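Visitor: Below are the C-alpha cells for one structure; questions will follow.
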Number of protein chains: 4
Amino acid sequence: MEKFQIRTDLALEAQERFREDHVEIPGVKIDEEYRKDTDIRITRVIIETENGSRVMQKPRGMYLTLEAPNMSVPDEAYHREISRELALKLKELLGGDEEKSVLVVGLGNWEVTPDALGPDVVGNLLITRHIVNEYGMAAFEQERVNRISAIVPGVMAQTGMETLEILQGVVDRTRPDVMIAVDALAARSTRRLNRTIQISDAGIFPGSGVGNHRQALTRETLGIPVIAIGVPTVVDAATIVNDTMENLVEAMSQAESLKDLGYTLSQLDASEKYQLIRELISPQLNGMFVTPKDIDETVKRIGFTISEGINMALQIG
Amino acid sequence: MEKFQIRTDLALEAQERFREDHVEIPGVKIDEEYRKDTDIRITRVIIETENGSRVMQKPRGMYLTLEAPNMSVPDEAYHREISRELALKLKELLGGDEEKSVLVVGLGNWEVTPDALGPDVVGNLLITRHIVNEYGMAAFEQERVNRISAIVPGVMAQTGMETLEILQGVVDRTRPDVMIAVDALAARSTRRLNRTIQISDAGIFPGSGVGNHRQALTRETLGIPVIAIGVPTVVDAATIVNDTMENLVEAMSQAESLKDLGYTLSQLDASEKYQLIRELISPQLNGMFVTPKDIDETVKRIGFTISEGINMALQIG
Amino acid sequence: MEKFQIRTDLALEAQERFREDHVEIPGVKIDEEYRKDTDIRITRVIIETENGSRVMQKPRGMYLTLEAPNMSVPDEAYHREISRELALKLKELLGGDEEKSVLVVGLGNWEVTPDALGPDVVGNLLITRHIVNEYGMAAFEQERVNRISAIVPGVMAQTGMETLEILQGVVDRTRPDVMIAVDALAARSTRRLNRTIQISDAGIFPGSGVGNHRQALTRETLGIPVIAIGVPTVVDAATIVNDTMENLVEAMSQAESLKDLGYTLSQLDASEKYQLIRELISPQLNGMFVTPKDIDETVKRIGFTISEGINMALQIG
Amino acid sequence: MEKFQIRTDLALEAQERFREDHVEIPGVKIDEEYRKDTDIRITRVIIETENGSRVMQKPRGMYLTLEAPNMSVPDEAYHREISRELALKLKELLGGDEEKSVLVVGLGNWEVTPDALGPDVVGNLLITRHIVNEYGMAAFEQERVNRISAIVPGVMAQTGMETLEILQGVVDRTRPDVMIAVDALAARSTRRLNRTIQISDAGIFPGSGVGNHRQALTRETLGIPVIAIGVPTVVDAATIVNDTMENLVEAMSQAESLKDLGYTLSQLDASEKYQLIRELISPQLNGMFVTPKDIDETVKRIGFTISEGINMALQIG
C-alpha cells in the first residue's frame, strides 16, 4: 500500500511509521537504550539489506539517534553530558584508535539561522592539520595527534557548484582518512526539533537537510568513509499540512457530529488520499520550512555541544 | 458571526477578508492605484473610526501598501523604482519639508534571518545627527540637513527589556521629531511574503512582527509620531493549518467522490468549525513560523531597497 | 616636566610609567598578588585623591587588573579559572548579596573585530529580567534571582547618538541598581594585548576604548554605580611610533658607533622631544589602531570567558 | 646596496621606491593615465623580464592600479564610476568575448574586518553556473551567459589546509576557464589604504595579503589564468616603524638643533641602518597590522564596488 511520502532525514522517524502499523521490517534491526540519570535515549537503527534500505528509504548503514528532551535548554552540565555521549558514539563509528586525518565539513547556509548548524560547529573546532604538517606532533606535547581539517563549502545558490564537486576536489588534494559531515536536518514532526542528534555511517544523501543536497556525500562518491551528524532544526512546510490531515481524520472520528466525515475520509483509498493531500498543499509551500522563533539561541547552543563532542572524540594520545 | 482569528500585520489582508464576503466596513476607506510600467500596486487603507479599528483589528491611521511582485528578484533598476515609490510615500507621511530630527529604529532579531530586516535597514542608512551636532550643516555643503539617528534595540530575549522601555528612554534623551520603525511582519498568506511593503502612521502594535512586541510603539506611548515600515517575511505556522482547512473544504466540494464531505464541512456552524481547527493545530506549532529557504538573499535585497528609500526621503536641502 | 602623552586605558600601565622612574604617587595605593598555580597576577590600584587622579590621568576609584599570560590560548580549564577569579572580583565590587537589577552594556562596534568584545560578551549572558518581571522568581526555582538586562548600544557612527544619551534613557526607564559596562580597550604596549582584564568601579571615561567614547559613563552621569570591565585588544598606532623613539634612544646609547647620537637625543629637553615626536607621527596614523592577525579567535575566546565570569558573579540564591 | 625590505603587495609602491631614487628598472614598463572628471588615476606596471621581476620582487605580469582618493567615501555615483572602470580593466585581462566559466575566490578571513573584503565581494556576486548547468541559457533570456561560480575557502587557521590545496581541488573538479581571486592587501603606506585597487594577471603569491598565503595561486599552480584583484586595507605594523625612522632622519636634517643627528644617521651605511631598524622593531609587532577605526564601513563599501565591477565585467550577451 502506497503511503503519502513525508520527508524525514531521521531513520528513527522512518521506522516509526512502521512501528505504528505494527509492521516489522525485514533487514532492519532496531534497539534502544535509555539513560535514566541523563534522560537521554539512544536508538540504534541498522539497515542491513537492500530491501530494508528500500523500505526505509535510507541507504544501508548504522543510524544512531540521541534524544535529549532538554537539548535546547541552556544547562551547561547537561550539554557536557550530551557532548560526552556523542563523543563515545563517534569513536565507535570512527573505529580503531590509530592516528587519523579527519576532514570535518560544515554543510548548510550560514546566513539562514536554522541552516547554520554545520558552519557553527566548524567554527568551534580545534584545527590541527596545518600545525602537525608544519611543526609535527611536538607542537602538541603528545605522542599521537589526529590531523583535523575543516571546510564550510556553502550552498549551491552561493557557490554555483554542487557540494559534492567541492568536497571531491578537497578530498583528492588533502587525502583525509575520513569525513565527518555536520548538517541541519528536516524532521517529520515538530516534536523532534532541536532535541535529537543523528549520527550515521551512511553519509549524506540527496534531498536531505535544509539546503537540499542533490548529490550524495558517501563512501561511494568520495572514496572515504563519511560519518554524518545531523540535528533536525526545521520541518518542511508541506509536512505540517499532512499532520493537519491526520489530525483531522482523528478529530472527526471522535467528535460525535463529525463521525460520518471521519469515517468517509478514512475510507478513501490510498490514491484518493494522495490526490486529496496534493490538492491541499498550496504550491507556495514548496521551498518553505517551519522553525521556532528562538532558533538562533538553539542552533548556537547545539552547535557548541556538537563541536565539543567532536573535539573530545578526536582527541587521542 | 465569529471567524477563526488569523493573525496578519497587513491592513491589506485584514480588509481582504471582508472583501471576500462582499462586506463594506464602515469607517474604513480603501483606494488603489496601479502603476502599469513598474507593475507596482499601491493600496491605501484609511481606518477612520473606532468602529473601523475594532472590525479591522488595527489602530486608526493610514496604511499604505506597495505590492511589487518581483521584489525578491535581483533587478537593481526595479528596486530603485521601489525605493523611489517608498520615498514618495514616506515624504507624504512625514509631512512638511522643514528640517527634522528622525530616529530610525531597526526592530527584530538580527540573528534570525527573516527577522533581521529592521537591523539590516539601519545598517545601510546615512546617519547624520552626530555630524550636524558637532560640525553644523556646513559639513554637508547643504543649507538644510535632517538629523538622522538610528538604533537596533534587540528583542526581549536578548535584552530583558521591553522595546518600548528602551525607545522611550532614547526618545526622552535625544528628542527626535519623528520615529521611523522598520520591522519584519507576519503575513496571512504565503503569496504575499517578500513582495509587499506596508507603510503606516499608526505605529507598531502588540503582537505584530516576528518578534512579538508586547507593548505598542505609537504616538501615545512615545510622544512623537511613529511611522512604521514593514515587510511580511514569515507566516505563522498555525496559519498554514487554517489554509489547509479552507483548501480542504474547497477541494471536497469539487471532487465528485468527496462532495458530501465538503458539504458536511461547510455546513458546520462557526463554533464547531473553530473547535475543529483548534484541535487540528498541534500545540507544537505555537511560536513557530514558516519562511522560504532563500530568505537570506531576499531580506538582504529588500533591506537595501528600504534603506535607499529612507535615505532618499530624508535627503532635503 | 612634561612627558609625551601616551594613551592607555589601563591604570596598571599608567602607574608603570612612574614605577620606571621610581616615583611614588601620593594618593595612589598599589598592591599585587600572584597566584602561582594559575599564573594569574592581580594588581589593585586605588586612586584615592584628586591629586592622584590628576597624575594618573584616571578618575578616582579602584582598578583591579587580572594578568593571565595565556588568556588568548584555547585552554578551557584555564579560562574557567579566569572566569572564577573575575567573578570573585566582580562580586567584591558589586557589594552586598541582596537581589539586584543589573544592566550589562556591551560597548563597541560589533563590525570591527577587536572592538566586538563588548557585544560578544552580551551575546553569551543569561538574561533574566523579563522572565522575573513576567513570571516571578518561581520560574527559576530559586529564592533569589538577580534581574539581568543587557544592551548593545552601538557606536556613534552607527547611531548618530552619544552612548551616554542612549544609556541615560535606558537607565531612566528600566531603573537598574548597577551597570556593568564591557569594552575593548587600547593598551600602551603590545605586550599587554589580550592578556589583561581590568575591572574598575570608576566607570568609563572619555577617549577610552577603541570606539572613543566622548562622554563619561559614570555614577555622576548615570546616577547608578558603573563597573567597567575592559580588555586591551588594540594599541593606538601613534603609540608604536613613540615606542620606536624610545627603542631608538636605547639602541643608540648602547651601540658604540651611535653613542653620540643616543646621547644627543636623550639630551633634548621635553618640549624639543615632544616637537620631534609630533613631527615623526604621520597624520595618517590618527584614527588607526594596531591589532594581531588572529584577533577574531582571541576576542571570541575572551568574550566567552568574561560572560561566564559575569554569569557566575550574578548567580545568587 | 641592500635596502631594508618593506613589504608591499602593490607593484605601484614597489616601483615608487626606485622612482624616488631616479633609477630606471630594466624589464619594467610603466605608464599612467589620469581621468580628470573622476579623479581616478590608472597606472599600468608591466614586469616583462626575470630581472624586472627580481628587482620588483613581484612575478612577471601586468599590474593595473586604480587610485581613487575618495573610494572610502559614501558617494554612490562615484562608486559606480569605479565599478565601471574596474569592469573595463577586468575585461581587458579576461580577453576575448566568448562565453567563459569563471571561478571567483573570496580570499581572507571573514571574521577579521579588514580581511573580510574577499568574502564580502563574493557575497554580492550574481552566481549563474548552477542555473546554466540545470536549465541552460534559456533561464537568462540571453544568447550567451558566463558560468560564474564562487568560493570562500577560509584561512589556514580555520581550515587546517593551504588555500592552494582547496582551490586546486575545486578547479580539478569544476574546470573553470579562469579564476578571479579577490584579496585584502597590505600596503606600504597608510596614505594608500582603502583608495587603491590593484588588478593583475600575475596571480596571488606567497606572503601577500592580510592572511599570508604561503603558496602561490598562479597559472603555474592552478593550470588556469588567475586574475588577482586586491585592495590594501592594512599596513604591516613593522612598516610604521620604518616610516618613523625615515621621518626621523628627514626631521633631523631640517630642525636646526638636530642637524648633526640627522647627518649622523644618514651617514650610517646600509648594514648599520638595517641593524638599527631591526633593533627598533619590537618582536611583538610581528603578526600585527595597522588599520583605520572605520574599516567596517570602508570594507563593506569597497567590497560592494568591486562585486559590481565583476558583475558588469562578466555580463555578456
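In the C-alpha cells, chains take letters A, B, ... by order of appearance, with residues numbered from 1 within each chain and ligands from 1 in the order shown.
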Excluding same-chain residues fewer than 3 positions from Pro153 of chain A, what lies within 9 Å of it counting only C-alpha atoms, as a list of chain:residue names?
Guide: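 Near Pro153 of chain A, the qualifying residues are A:Val105, A:Gly106, A:Leu107, A:Gly108, A:Asn109, A:Pro119, A:Thr159, A:Thr163, A:Ile166, A:Leu167, D:Ile151, D:Val152, D:Pro153.
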Visitor: With 10 Å as the limit and counting only C-alpha atoms, what residues in chain B lie close to chain D? Please list them as a list in words.
Guide: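 Residues passing the distance filter: Pro74, Gly123, Asn124, Leu126 and Glu297 of chain B.
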Visitor: Quick one: pull the distance between atom CA of Val290 of chain D and atom CA of Ala237 of chain C, Å, one decimal.
Guide: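 Distance reported for this atom pair: 6.8 Å.
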Visitor: Using DSSP on the backbone, list every residue of segment 44-144 of chain A that comes out as strand (DSSP E or B), and give them as number ranges by chain.
Guide: A: 44-47, 61-67, 101-106
Visitor: Between atom CA of Ser189 of chain C and atom CA of Gln284 of chain C, what is the distance, to one decimal in Å?
Guide: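 For atom CA of Ser189 of chain C relative to atom CA of Gln284 of chain C, the distance reads 20.3 Å.
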Visitor: I want to know what sits within 9 Å of Gln315 of chain D, based on only C-alpha atoms, with residues of the same chain fewer than 5 positions away left out; could you give that as a VMD selection string?
Guide: chain D and resid 145 to 146 310
Visitor: Please list as a PyMOL selection string every residue within 12 Å of Gln15 of chain C, counting only C-alpha atoms and excluding residues in the same chain fewer than 4 positions away.
Guide: chain C and resi 8-11+19-31+43-47+52-53+55-58+63+188
Visitor: Segment 194-205 of chain D: which residues within 7 Å, counting only C-alpha atoms, same-chain residues fewer than 5 positions away excluded, as a PyMOL selection string?
Guide: chain D and resi 10+59-72+93+215-218+226-233
Visitor: Extract the full set of helix (DSSP H, G or I) residues from segment 42-198 of chain B according to DSSP on the backbone, and format it as an MDAnalysis selection string.
Guide: chainID B and resid 50:56 76:94 113:115 117:123 129:135 137:140 156:159 163:174 190:192
Visitor: Dump C-alpha atoms for the selected residues as a PDB file, in the first residue's frame?
Guide:
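The result, written out as out32.pdb:
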ATOM      1  CA  GLU B  50     -13.076  53.396  16.398  1.00  0.00           C
ATOM      2  CA  ASN B  51     -15.571  51.059  14.861  1.00  0.00           C
ATOM      3  CA  GLY B  52     -13.397  50.566  11.782  1.00  0.00           C
ATOM      4  CA  SER B  53     -10.454  49.968  14.060  1.00  0.00           C
ATOM      5  CA  ARG B  54     -12.345  47.314  16.024  1.00  0.00           C
ATOM      6  CA  VAL B  55     -13.505  45.486  12.934  1.00  0.00           C
ATOM      7  CA  MET B  56     -10.106  45.615  11.240  1.00  0.00           C
ATOM      8  CA  GLU B  76      18.662  46.684  -9.479  1.00  0.00           C
ATOM      9  CA  ALA B  77      16.737  49.107 -11.677  1.00  0.00           C
ATOM     10  CA  TYR B  78      13.425  47.695 -10.471  1.00  0.00           C
ATOM     11  CA  HIS B  79      14.481  48.019  -6.851  1.00  0.00           C
ATOM     12  CA  ARG B  80      15.446  51.632  -7.460  1.00  0.00           C
ATOM     13  CA  GLU B  81      11.851  52.172  -8.643  1.00  0.00           C
ATOM     14  CA  ILE B  82      10.523  50.673  -5.429  1.00  0.00           C
ATOM     15  CA  SER B  83      12.878  52.805  -3.325  1.00  0.00           C
ATOM     16  CA  ARG B  84      11.642  55.892  -5.155  1.00  0.00           C
ATOM     17  CA  GLU B  85       7.993  54.986  -4.663  1.00  0.00           C
ATOM     18  CA  LEU B  86       8.668  54.276  -0.990  1.00  0.00           C
ATOM     19  CA  ALA B  87      10.458  57.617  -0.606  1.00  0.00           C
ATOM     20  CA  LEU B  88       7.449  59.446  -2.062  1.00  0.00           C
ATOM     21  CA  LYS B  89       5.026  57.774   0.317  1.00  0.00           C
ATOM     22  CA  LEU B  90       7.325  58.312   3.287  1.00  0.00           C
ATOM     23  CA  LYS B  91       7.585  62.017   2.487  1.00  0.00           C
ATOM     24  CA  GLU B  92       3.811  62.169   2.373  1.00  0.00           C
ATOM     25  CA  LEU B  93       3.558  60.686   5.867  1.00  0.00           C
ATOM     26  CA  LEU B  94       6.469  62.741   7.231  1.00  0.00           C
ATOM     27  CA  THR B 113      17.292  35.632   9.208  1.00  0.00           C
ATOM     28  CA  PRO B 114      13.675  36.639   8.388  1.00  0.00           C
ATOM     29  CA  ASP B 115      13.597  38.880  11.484  1.00  0.00           C
ATOM     30  CA  LEU B 117      15.112  43.103   8.145  1.00  0.00           C
ATOM     31  CA  GLY B 118      14.990  46.049  10.577  1.00  0.00           C
ATOM     32  CA  PRO B 119      18.627  45.725  11.685  1.00  0.00           C
ATOM     33  CA  ASP B 120      19.685  45.306   8.031  1.00  0.00           C
ATOM     34  CA  VAL B 121      17.924  48.526   7.017  1.00  0.00           C
ATOM     35  CA  VAL B 122      19.591  50.502   9.796  1.00  0.00           C
ATOM     36  CA  GLY B 123      22.990  49.173   8.678  1.00  0.00           C
ATOM     37  CA  ARG B 129      22.822  63.610  13.670  1.00  0.00           C
ATOM     38  CA  HIS B 130      26.242  63.412  15.339  1.00  0.00           C
ATOM     39  CA  ILE B 131      27.902  65.250  12.449  1.00  0.00           C
ATOM     40  CA  VAL B 132      25.357  68.068  12.431  1.00  0.00           C
ATOM     41  CA  ASN B 133      25.605  68.317  16.211  1.00  0.00           C
ATOM     42  CA  GLU B 134      29.376  68.589  16.060  1.00  0.00           C
ATOM     43  CA  TYR B 135      30.126  70.466  12.860  1.00  0.00           C
ATOM     44  CA  MET B 137      25.191  71.920   8.427  1.00  0.00           C
ATOM     45  CA  ALA B 138      28.418  73.143   6.876  1.00  0.00           C
ATOM     46  CA  ALA B 139      29.764  69.599   6.938  1.00  0.00           C
ATOM     47  CA  PHE B 140      27.249  68.656   4.274  1.00  0.00           C
ATOM     48  CA  MET B 156      13.373  40.855  24.718  1.00  0.00           C
ATOM     49  CA  ALA B 157      15.159  37.509  24.914  1.00  0.00           C
ATOM     50  CA  GLN B 158      18.397  39.380  24.235  1.00  0.00           C
ATOM     51  CA  THR B 159      17.823  42.462  26.371  1.00  0.00           C
ATOM     52  CA  THR B 163      11.482  47.504  23.257  1.00  0.00           C
ATOM     53  CA  LEU B 164       9.151  50.285  24.362  1.00  0.00           C
ATOM     54  CA  GLU B 165      11.179  50.919  27.541  1.00  0.00           C
ATOM     55  CA  ILE B 166      14.385  51.293  25.558  1.00  0.00           C
ATOM     56  CA  LEU B 167      12.844  53.546  22.936  1.00  0.00           C
ATOM     57  CA  GLN B 168      11.035  55.754  25.448  1.00  0.00           C
ATOM     58  CA  GLY B 169      14.370  56.331  27.140  1.00  0.00           C
ATOM     59  CA  VAL B 170      16.168  57.119  23.908  1.00  0.00           C
ATOM     60  CA  VAL B 171      13.391  59.455  22.762  1.00  0.00           C
ATOM     61  CA  ASP B 172      13.402  61.266  26.130  1.00  0.00           C
ATOM     62  CA  ARG B 173      17.093  61.929  25.876  1.00  0.00           C
ATOM     63  CA  THR B 174      17.601  62.638  22.185  1.00  0.00           C
ATOM     64  CA  THR B 190       2.489  32.859   1.769  1.00  0.00           C
ATOM     65  CA  ARG B 191       1.564  34.517  -1.514  1.00  0.00           C
ATOM     66  CA  ARG B 192       2.346  37.896  -0.001  1.00  0.00           C
TER      67      ARG B 192
END
Visitor: Just to confirm, what's the straight-line distance from atom CA of Asp177 of chain A to atom CA of Leu103 of chain A in Å (one decimal)?
Guide: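 About the pair atom CA of Asp177 of chain A and atom CA of Leu103 of chain A: they are 7.9 Å apart.
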Visitor: Identify, on the basis of only C-alpha atoms, every residue whose closest approach to Val178 of chain C does not exceed 6 Å; exclude the query and any residue fewer than 4 positions from it along the same chain; express the result as a list in words.
Guide: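 That gives Val102, Ile224 and Pro225 of chain C.
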